[in-house]
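Structure data (CSV, C-alpha atoms) from work.csv:
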chain,number,residue,atom,x,y,z
V,1,MET,CA,22.7,-2.9,22.8
V,2,HIS,CA,26.0,-1.1,23.3
V,3,ASP,CA,27.4,1.3,20.7
V,4,SER,CA,30.7,0.0,19.2
V,5,VAL,CA,33.8,2.2,19.5
V,6,GLN,CA,36.3,3.1,16.8
V,7,ALA,CA,39.4,5.2,17.0
V,8,ALA,CA,39.3,8.8,15.8
V,9,PRO,CA,42.3,10.3,13.9
V,10,ASN,CA,43.6,11.9,17.0
V,11,GLY,CA,43.5,8.6,18.9
V,12,THR,CA,40.4,9.5,20.9
V,13,PRO,CA,37.8,6.7,20.9
V,14,LYS,CA,34.8,7.8,18.8
V,15,PRO,CA,31.4,6.1,19.4
V,16,ARG,CA,29.6,4.6,16.4
V,17,HIS,CA,25.9,5.4,16.7
V,18,TYR,CA,23.4,2.6,16.5
V,19,ASP,CA,21.5,2.7,13.2
V,20,LEU,CA,18.1,1.1,13.5
V,21,VAL,CA,17.4,0.7,9.8
V,22,LYS,CA,20.6,-1.3,9.3
V,23,ASP,CA,19.7,-3.8,11.9
V,24,PRO,CA,18.2,-7.1,10.5
V,25,ILE,CA,15.8,-7.2,13.4
V,26,TYR,CA,14.1,-4.1,12.0
V,27,TYR,CA,13.3,-5.9,8.7
V,28,ILE,CA,12.2,-9.1,10.5
V,29,THR,CA,10.0,-7.0,12.8
V,30,PHE,CA,8.2,-5.0,10.1
V,31,GLY,CA,7.6,-8.2,8.2
V,32,PHE,CA,6.1,-9.8,11.3
V,33,PHE,CA,3.8,-6.8,11.9
V,34,ALA,CA,2.8,-6.7,8.2
V,35,LEU,CA,1.5,-10.3,8.6
V,36,LEU,CA,0.1,-9.8,12.1
V,37,THR,CA,-1.8,-6.5,11.5
V,38,THR,CA,-3.4,-7.9,8.4
V,39,ALA,CA,-4.1,-11.5,9.3
V,40,LEU,CA,-5.4,-11.0,12.9
V,41,PRO,CA,-7.9,-8.2,12.4
V,42,ALA,CA,-9.1,-9.8,9.1
V,43,ALA,CA,-9.6,-13.2,10.8
V,44,LEU,CA,-11.6,-11.4,13.5
V,45,GLY,CA,-13.7,-9.7,10.9
V,46,GLN,CA,-12.8,-6.2,12.0
V,47,PRO,CA,-13.3,-3.8,9.1
V,48,ASN,CA,-12.3,-0.7,11.1
V,49,PHE,CA,-9.5,-2.1,13.1
V,50,LEU,CA,-7.9,-3.8,10.1
V,51,PRO,CA,-6.7,-0.6,8.3
V,52,ILE,CA,-6.1,1.3,11.5
V,53,ALA,CA,-3.7,-1.3,12.9
V,54,GLN,CA,-1.9,-1.6,9.6
V,55,THR,CA,-1.6,2.2,9.2
V,56,VAL,CA,-0.3,2.9,12.6
V,57,ALA,CA,2.3,0.2,12.5
V,58,LEU,CA,3.5,1.0,8.9
V,59,THR,CA,3.7,4.8,9.6
V,60,LEU,CA,6.1,4.1,12.5
V,61,PHE,CA,8.2,1.7,10.4
V,62,LEU,CA,8.4,4.1,7.5
V,63,ALA,CA,9.3,7.1,9.7
V,64,ALA,CA,12.7,5.6,10.7
V,65,PRO,CA,14.3,5.5,7.2
V,66,LEU,CA,12.5,8.6,6.0
V,67,ARG,CA,13.8,10.7,8.9
V,68,ARG,CA,17.3,9.6,7.9
V,69,GLY,CA,16.7,10.5,4.3
V,70,ARG,CA,16.8,6.9,3.1
V,71,THR,CA,14.1,7.0,0.5
V,72,GLY,CA,15.2,3.8,-1.1
V,73,THR,CA,15.0,1.9,2.2
V,74,ALA,CA,11.5,3.3,2.8
V,75,ILE,CA,10.4,2.1,-0.7
V,76,VAL,CA,11.7,-1.4,0.1
V,77,VAL,CA,9.9,-1.4,3.4
V,78,LEU,CA,6.6,-0.2,1.9
V,79,SER,CA,6.9,-2.5,-1.2
V,80,THR,CA,7.5,-5.5,1.1
V,81,TRP,CA,4.7,-4.6,3.4
V,82,LEU,CA,2.2,-4.2,0.6
V,83,SER,CA,3.3,-7.5,-1.0
V,84,LEU,CA,2.8,-9.4,2.3
V,85,GLN,CA,-0.5,-7.6,2.9
V,86,LEU,CA,-1.8,-8.4,-0.5
V,87,LEU,CA,-0.8,-12.1,-0.3
V,88,VAL,CA,-2.5,-12.5,3.1
V,89,MET,CA,-5.7,-10.9,1.9
V,90,ILE,CA,-5.8,-13.0,-1.3
V,91,ALA,CA,-5.0,-16.3,0.5
V,92,GLY,CA,-7.4,-15.5,3.5
V,93,SER,CA,-10.2,-14.4,1.2
V,94,ALA,CA,-9.9,-17.6,-0.8
V,95,LEU,CA,-9.5,-20.0,2.2
V,96,LEU,CA,-11.8,-18.2,4.7
V,97,PRO,CA,-14.1,-16.2,2.4
V,98,LEU,CA,-17.0,-15.5,4.8
V,99,VAL,CA,-14.6,-14.5,7.6
V,100,PHE,CA,-12.6,-12.1,5.5
V,101,GLU,CA,-15.7,-10.8,3.9
V,102,ARG,CA,-16.7,-9.3,7.3
V,103,ALA,CA,-13.3,-7.5,7.4
V,104,ILE,CA,-14.2,-5.4,4.3
V,105,HIS,CA,-16.9,-2.8,4.4
V,106,ASP,CA,-19.7,-4.0,2.1
V,107,GLY,CA,-17.6,-7.1,1.4
V,108,PHE,CA,-20.6,-9.2,0.3
V,109,ALA,CA,-21.9,-6.4,-2.1
V,110,HIS,CA,-18.4,-5.9,-3.5
V,111,HIS,CA,-18.0,-9.7,-4.1
V,112,ARG,CA,-21.4,-9.9,-5.8
V,113,ALA,CA,-20.6,-6.9,-8.0
V,114,LEU,CA,-17.3,-8.4,-9.1
V,115,LEU,CA,-19.1,-11.6,-10.1
V,116,GLU,CA,-21.7,-9.6,-12.0
V,117,TRP,CA,-19.0,-7.7,-13.8
V,118,SER,CA,-17.2,-10.9,-14.7
V,119,ALA,CA,-20.4,-12.3,-16.2
V,120,THR,CA,-21.8,-9.3,-17.9
V,121,GLY,CA,-18.9,-6.8,-18.4
V,122,LEU,CA,-21.0,-4.0,-16.9
V,123,SER,CA,-20.3,-1.8,-13.9
V,124,LEU,CA,-16.9,-2.7,-12.7
V,125,PRO,CA,-17.2,-2.1,-8.9
V,126,GLY,CA,-15.0,0.6,-7.5
V,127,SER,CA,-14.0,1.9,-11.0
V,128,ILE,CA,-13.6,5.6,-11.7
V,129,LEU,CA,-16.7,5.4,-14.0
V,130,GLN,CA,-18.9,3.8,-11.3
V,131,SER,CA,-17.6,5.7,-8.3
V,132,PRO,CA,-15.8,8.9,-9.4
V,133,GLY,CA,-16.4,10.7,-6.1
V,134,ALA,CA,-14.9,7.9,-4.0
V,135,ARG,CA,-11.9,7.7,-6.3
V,136,LEU,CA,-11.3,11.4,-6.1
V,137,ILE,CA,-11.5,11.3,-2.4
V,138,GLU,CA,-9.0,8.4,-2.4
V,139,LEU,CA,-6.6,10.4,-4.5
V,140,PHE,CA,-6.8,13.5,-2.4
V,141,GLY,CA,-6.5,11.4,0.7
V,142,ILE,CA,-3.2,10.0,-0.7
V,143,LEU,CA,-1.9,13.4,-1.7
V,144,LEU,CA,-3.0,15.9,1.0
V,145,GLY,CA,-3.3,13.2,3.7
V,146,SER,CA,0.3,12.1,3.3
V,147,LEU,CA,1.6,15.7,3.1
V,148,LEU,CA,-0.2,17.0,6.2
V,149,SER,CA,0.2,13.9,8.5
V,150,ALA,CA,3.6,12.5,7.7
V,151,GLY,CA,2.0,9.8,5.6
V,152,LEU,CA,-0.5,8.6,8.3
V,153,VAL,CA,-3.7,9.5,6.5
V,154,GLY,CA,-2.3,8.6,3.0
V,155,LEU,CA,-1.4,5.2,4.3
V,156,TRP,CA,-4.8,4.7,5.7
V,157,PHE,CA,-6.4,5.2,2.3
V,158,LEU,CA,-3.7,3.0,0.7
V,159,MET,CA,-4.3,0.2,3.3
V,160,ARG,CA,-8.0,0.2,2.6
V,161,ALA,CA,-7.5,0.1,-1.2
V,162,VAL,CA,-5.0,-2.8,-1.0
V,163,ASN,CA,-7.3,-4.7,1.4
V,164,GLN,CA,-10.3,-4.4,-0.8
V,165,PHE,CA,-8.2,-5.3,-3.9
V,166,GLY,CA,-6.8,-8.4,-2.3
V,167,PHE,CA,-10.2,-9.4,-1.0
V,168,GLY,CA,-11.6,-9.2,-4.5
V,169,VAL,CA,-8.8,-11.2,-6.0
V,170,GLY,CA,-9.2,-13.9,-3.4
V,171,ARG,CA,-12.9,-14.2,-3.8
V,172,LEU,CA,-12.6,-14.4,-7.6
V,173,ALA,CA,-9.9,-17.0,-7.1
V,174,LEU,CA,-12.6,-19.3,-5.6
V,175,GLU,CA,-14.0,-19.6,-9.2
V,176,GLY,CA,-10.7,-21.1,-10.4
V,177,PRO,CA,-7.3,-20.0,-11.8
V,178,GLN,CA,-9.0,-17.8,-14.4
V,179,GLY,CA,-10.7,-16.0,-11.6
V,180,LEU,CA,-7.4,-15.3,-9.9
V,181,LEU,CA,-6.0,-13.8,-13.1
V,182,LEU,CA,-9.2,-11.8,-13.7
V,183,GLY,CA,-8.9,-10.3,-10.2
V,184,LEU,CA,-5.3,-9.2,-10.7
V,185,MET,CA,-6.4,-6.1,-12.7
V,186,PRO,CA,-3.2,-4.5,-14.0
V,187,TRP,CA,-4.8,-1.0,-14.0
V,188,ARG,CA,-5.5,-1.2,-10.3
V,189,LEU,CA,-2.0,-2.6,-9.6
V,190,ALA,CA,-0.4,0.3,-11.4
V,191,THR,CA,-2.5,2.8,-9.5
V,192,LEU,CA,-1.7,1.3,-6.1
V,193,ALA,CA,2.0,1.3,-7.0
V,194,GLY,CA,1.8,4.9,-7.9
V,195,TYR,CA,0.0,5.7,-4.7
V,196,ALA,CA,2.8,4.0,-2.7
V,197,GLY,CA,5.5,6.1,-4.3
V,198,LEU,CA,3.6,9.4,-3.6
V,199,VAL,CA,3.0,8.4,0.0
V,200,VAL,CA,6.8,7.9,0.5
V,201,MET,CA,7.6,11.2,-1.2
V,202,LEU,CA,4.8,13.4,0.5
V,203,ALA,CA,5.4,12.0,4.0
V,204,GLN,CA,8.9,13.5,4.1
V,205,PRO,CA,8.4,17.3,4.6
V,206,LEU,CA,6.8,16.9,8.0
V,207,LEU,CA,9.2,14.3,9.1
V,208,ILE,CA,12.4,16.1,8.2
V,209,ASN,CA,11.0,19.7,8.3
V,210,ILE,CA,12.0,20.6,4.8
V,211,TRP,CA,9.2,22.1,2.8
V,212,ARG,CA,11.0,23.3,-0.3
V,213,PRO,CA,9.7,21.5,-3.4
V,214,THR,CA,13.0,22.0,-5.1
V,215,HIS,CA,14.7,19.9,-2.4
V,216,TYR,CA,12.6,16.8,-3.4
V,217,PHE,CA,12.5,17.4,-7.1
V,218,ALA,CA,16.3,17.6,-7.3
V,219,ARG,CA,16.8,14.4,-5.3
V,220,GLN,CA,13.7,12.4,-6.0
V,221,ARG,CA,12.6,13.4,-9.5
V,222,ARG,CA,12.6,9.8,-10.7
V,223,LEU,CA,10.3,8.7,-7.8
V,224,ALA,CA,7.9,11.5,-8.5
V,225,ALA,CA,7.9,10.9,-12.3
V,226,VAL,CA,7.4,7.1,-12.0
V,227,SER,CA,4.6,7.4,-9.4
V,228,VAL,CA,2.7,10.0,-11.4
V,229,ALA,CA,3.2,7.9,-14.6
V,230,LEU,CA,1.9,4.7,-12.9
V,231,ILE,CA,-1.2,6.5,-11.8
V,232,ALA,CA,-1.7,8.0,-15.2
V,233,ILE,CA,-1.2,4.6,-16.9
V,234,GLY,CA,-3.6,3.0,-14.4
V,235,LEU,CA,-6.2,5.6,-15.3
V,236,VAL,CA,-5.8,5.1,-19.0
V,237,LEU,CA,-5.9,1.3,-18.7
V,238,GLU,CA,-9.0,1.5,-16.5
V,239,PHE,CA,-10.8,3.2,-19.3
V,240,LEU,CA,-9.5,0.9,-22.1
V,241,LEU,CA,-8.7,-2.5,-20.7
V,242,PRO,CA,-11.5,-3.9,-18.4
V,243,GLY,CA,-13.7,-5.2,-21.3
V,244,LEU,CA,-10.8,-7.0,-23.0
V,245,TRP,CA,-9.4,-8.2,-19.7
V,246,ARG,CA,-12.8,-9.7,-18.8
V,247,THR,CA,-13.1,-11.4,-22.2
V,248,ILE,CA,-9.7,-13.0,-21.9
V,249,TRP,CA,-10.3,-14.3,-18.4
V,250,ALA,CA,-14.0,-14.7,-18.5
V,251,LEU,CA,-15.3,-17.1,-15.8
As structure tokens, how would this structure be written, given the file I've shared?
Amino acid sequence: MHDSVQAAPNGTPKPRHYDLVKDPIYYITFGFFALLTTALPAALGQPNFLPIAQTVALTLFLAAPLRRGRTGTAIVVLSTWLSLQLLVMIAGSALLPLVFERAIHDGFAHHRALLEWSATGLSLPGSILQSPGARLIELFGILLGSLLSAGLVGLWFLMRAVNQFGFGVGRLALEGPQGLLLGLMPWRLATLAGYAGLVVMLAQPLLINIWRPTHYFARQRRLAAVSVALIAIGLVLEFLLPGLWRTIWAL
């Protein structure tokens, strides 16, 4: 594609540089890859390739706006990707449960544990009370992983978390509309949204080579505050809400 030309004040033609993130093809392409890297590995039952393919593709798509300082565009890209990914995992797990179960590590055990929780209210699988070590590793993976790898490692943890969450929602949806609503746990949605915001923020220092915290707090204070608040709200709700949530939407 040729750069267009505009006249400079002195009459000399001035080239207008091509901007990838303003090209509609960029948005069409990342949407296509969001669907492809989720649906294909999941349909093939590949638990390792699924998050790896998603992470590599999404890291490349996020790098383009972040290197240009367009945090808002990066948030739109990541939000759209996660929404498409979640929809594919929910629909696929509901329509092809046994196939998508193989795409999640310990998918069968996770599904059974969700059903047991829905019936008894005990031991919510993956919760901070049941698996504090795993949740702590997840948080540090999001924080340090994003900071030290331009978002690559943080996105890998985020992809795995969203895949498992979508799988759980889809499997519970097999029990009926109440199962779908039961699976859409607001505390987990808040936590994942907070993770996404922190990944966008912490991926930037390595990409633009600016490591001063004041640079980001001055320009992205709202993003940092909202992300941390969402994680904190998710944590509080995870302690207070599961019992009531299960009672409301009991299968």
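Counting only C-alpha atoms, the residue from V:Ala161, V:Ile231, V:Val200, V:Leu174 that sits nearest to Val77 in chain V is V:Val200.
Of the listed residues (V:Ala119, V:Leu136, V:Leu235, V:Ala150), V:Ala150 comes nearest to Leu207 in chain V; the distances count all atoms listed in the file.
Residue nearest Leu198 in chain V, chosen from V:Leu180, V:Ile248, V:Leu144, V:Ile104 and counting only C-alpha atoms: V:Leu144.
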- [ ] Rank nothing, just name the residue among V:Leu184, V:Leu60, V:Leu40, V:Leu223 nearest to Ala196 in chain V, using only C-alpha atoms.
- [x] V:Leu223
TODO: Could you tell me which of V:Val21, V:Leu129, V:Leu87, V:Leu152 comes closest to Ala203 in chain V if we count all atoms listed in the file?
DONE: V:Leu152
